[in-house]
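As structure tokens, the structure follows; a few thoughts come after it.
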Amino acid sequence: MTSREFYTSVISYLNGGDIDNAAIQEFAQSKLAKMDAQNEKRRNTERKPTPKQIAAAEYDAKLMEAIGTVLTDEFQGRSVFAEALDVSPSKASTLLNKMVAAGSVIKGEVKGEKGKLVGYKRA
């Protein structure tokens with residue numbers, strides 16, 4: 001059964017006509033099996049990073065290296081790192097959290113003007 005025959009049968013059924021249930025069921029099952037196979041292949045295929053992703057990773061690596069030079073043994077707020085690297089506090093926080101996950105930075109609290117803030121120091 002072709003896709004055209006399948007859809008024609010479905011339309012016919014919806015308009016009150018007779019259809020070949022076995023053929024439609026077989027066609028639908030084969031299409032679902034093909035979809036499952038394609039999805040499984042997509043899930044298990046390793047994708048190469050795009051040039052944009054490679055450039056972003058290289059940029060982040062340079063920034064993390066620069067963060068390493070700013071880190072001290074005292075907790076510092078993310079704004080210190082943001083100013084030193086000339087990036088937004090959000091970007092600095094993201095990079096610092098990646099470094100925390102890698103184990104090269106420790107996350108803690110530091111007193112700021114408006115209360116306690118998240119601080120970072122060398123591990």
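In the structure tokens, chains take the letters A, B, ... in the order shown, each chain's residues start at 1, and ligands count up from 1 in the order shown.
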Requested in this report: List the neighbours of Asp73 (chain A) out to 9 Å using only C-alpha atoms; skip same-chain residues closer than 5 positions along the sequence, and give me the result as a ChimeraX atom specification.
Outcome: /A:120-123
Report task. Excluding Phe27 (chain A) and any residue of its chain fewer than 4 positions from it, enumerate the residues within 10 Å of it, using only C-alpha atoms, and give them as a PyMOL selection string. Result -> chain A and resi 1-3+5-6+21-23+31-33
May I have the residues from that selection written out with N, CA and C atoms, as an mmCIF file, in the first residue's frame?
```
data_model
loop_
_atom_site.group_PDB
_atom_site.id
_atom_site.type_symbol
_atom_site.label_atom_id
_atom_site.label_comp_id
_atom_site.auth_asym_id
_atom_site.auth_seq_id
_atom_site.Cartn_x
_atom_site.Cartn_y
_atom_site.Cartn_z
ATOM 1 N N MET A 1 0.846 -1.175 0.000
ATOM 2 C CA MET A 1 0.000 0.000 0.000
ATOM 3 C C MET A 1 0.893 1.240 0.000
ATOM 4 N N THR A 2 0.559 2.184 -0.813
ATOM 5 C CA THR A 2 1.306 3.440 -0.878
ATOM 6 C C THR A 2 0.688 4.442 0.090
ATOM 7 N N SER A 3 1.391 5.529 0.311
ATOM 8 C CA SER A 3 0.856 6.584 1.177
ATOM 9 C C SER A 3 -0.438 7.142 0.597
ATOM 10 N N GLU A 5 -2.654 5.581 -1.263
ATOM 11 C CA GLU A 5 -3.733 4.628 -1.032
ATOM 12 C C GLU A 5 -4.179 4.659 0.435
ATOM 13 N N PHE A 6 -3.213 4.800 1.330
ATOM 14 C CA PHE A 6 -3.520 4.868 2.751
ATOM 15 C C PHE A 6 -4.428 6.056 3.054
ATOM 16 N N ASN A 21 -9.087 -3.083 6.427
ATOM 17 C CA ASN A 21 -8.438 -2.883 7.730
ATOM 18 C C ASN A 21 -7.058 -3.511 7.803
ATOM 19 N N ALA A 22 -6.895 -4.697 7.295
ATOM 20 C CA ALA A 22 -5.617 -5.404 7.381
ATOM 21 C C ALA A 22 -4.524 -4.637 6.639
ATOM 22 N N ALA A 23 -4.824 -4.143 5.449
ATOM 23 C CA ALA A 23 -3.827 -3.420 4.659
ATOM 24 C C ALA A 23 -3.446 -2.109 5.332
ATOM 25 N N LYS A 31 5.144 1.939 8.742
ATOM 26 C CA LYS A 31 5.562 3.342 8.852
ATOM 27 C C LYS A 31 6.061 3.654 10.261
ATOM 28 N N LEU A 32 5.359 3.137 11.275
ATOM 29 C CA LEU A 32 5.790 3.360 12.654
ATOM 30 C C LEU A 32 7.139 2.696 12.930
ATOM 31 N N ALA A 33 7.346 1.523 12.381
ATOM 32 C CA ALA A 33 8.624 0.830 12.555
ATOM 33 C C ALA A 33 9.760 1.637 11.913
#
```
Query - For region 112-117 of chain A: contacts at 10 Å, only C-alpha atoms, fewer than 5 positions along chain excluded, given as a list in words - result: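 Residues meeting the cut-off are Phe75, Gln76, Gly77 and Arg78 of chain A.
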Selection from above, N, CA and C atoms, as a compact mmCIF listing (two decimals), in the first residue's frame, can you write it?
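Result went into out01.txt, see below:
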```txt
# COMPACT_ATOMS: atom_id res chain seq x y z
N PHE A 75 36.68 34.32 48.98
CA PHE A 75 35.47 34.33 48.14
C PHE A 75 35.27 35.71 47.53
N GLN A 76 34.95 35.73 46.22
CA GLN A 76 34.68 36.97 45.50
C GLN A 76 33.38 36.81 44.74
N GLY A 77 32.63 37.89 44.61
CA GLY A 77 31.38 37.86 43.88
C GLY A 77 31.61 37.80 42.38
N ARG A 78 30.56 37.43 41.66
CA ARG A 78 30.69 37.28 40.21
C ARG A 78 30.97 38.60 39.51
```
Query raised in the report: Which one is closest to Gly119 (chain A): A:Ile24, A:Ala101, A:Ile67, A:Leu96? Count only C-alpha atoms.
Result: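 Of A:Ile24, A:Ala101, A:Ile67, A:Leu96, the one nearest Gly119 (chain A) is A:Leu96, counting only C-alpha atoms.
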Query raised in the report: Per DSSP on the backbone, what are the strand (DSSP E) residues of region 30-113 of chain A, as a PyMOL selection string?
Result: chain A and resi 76-77+105-112
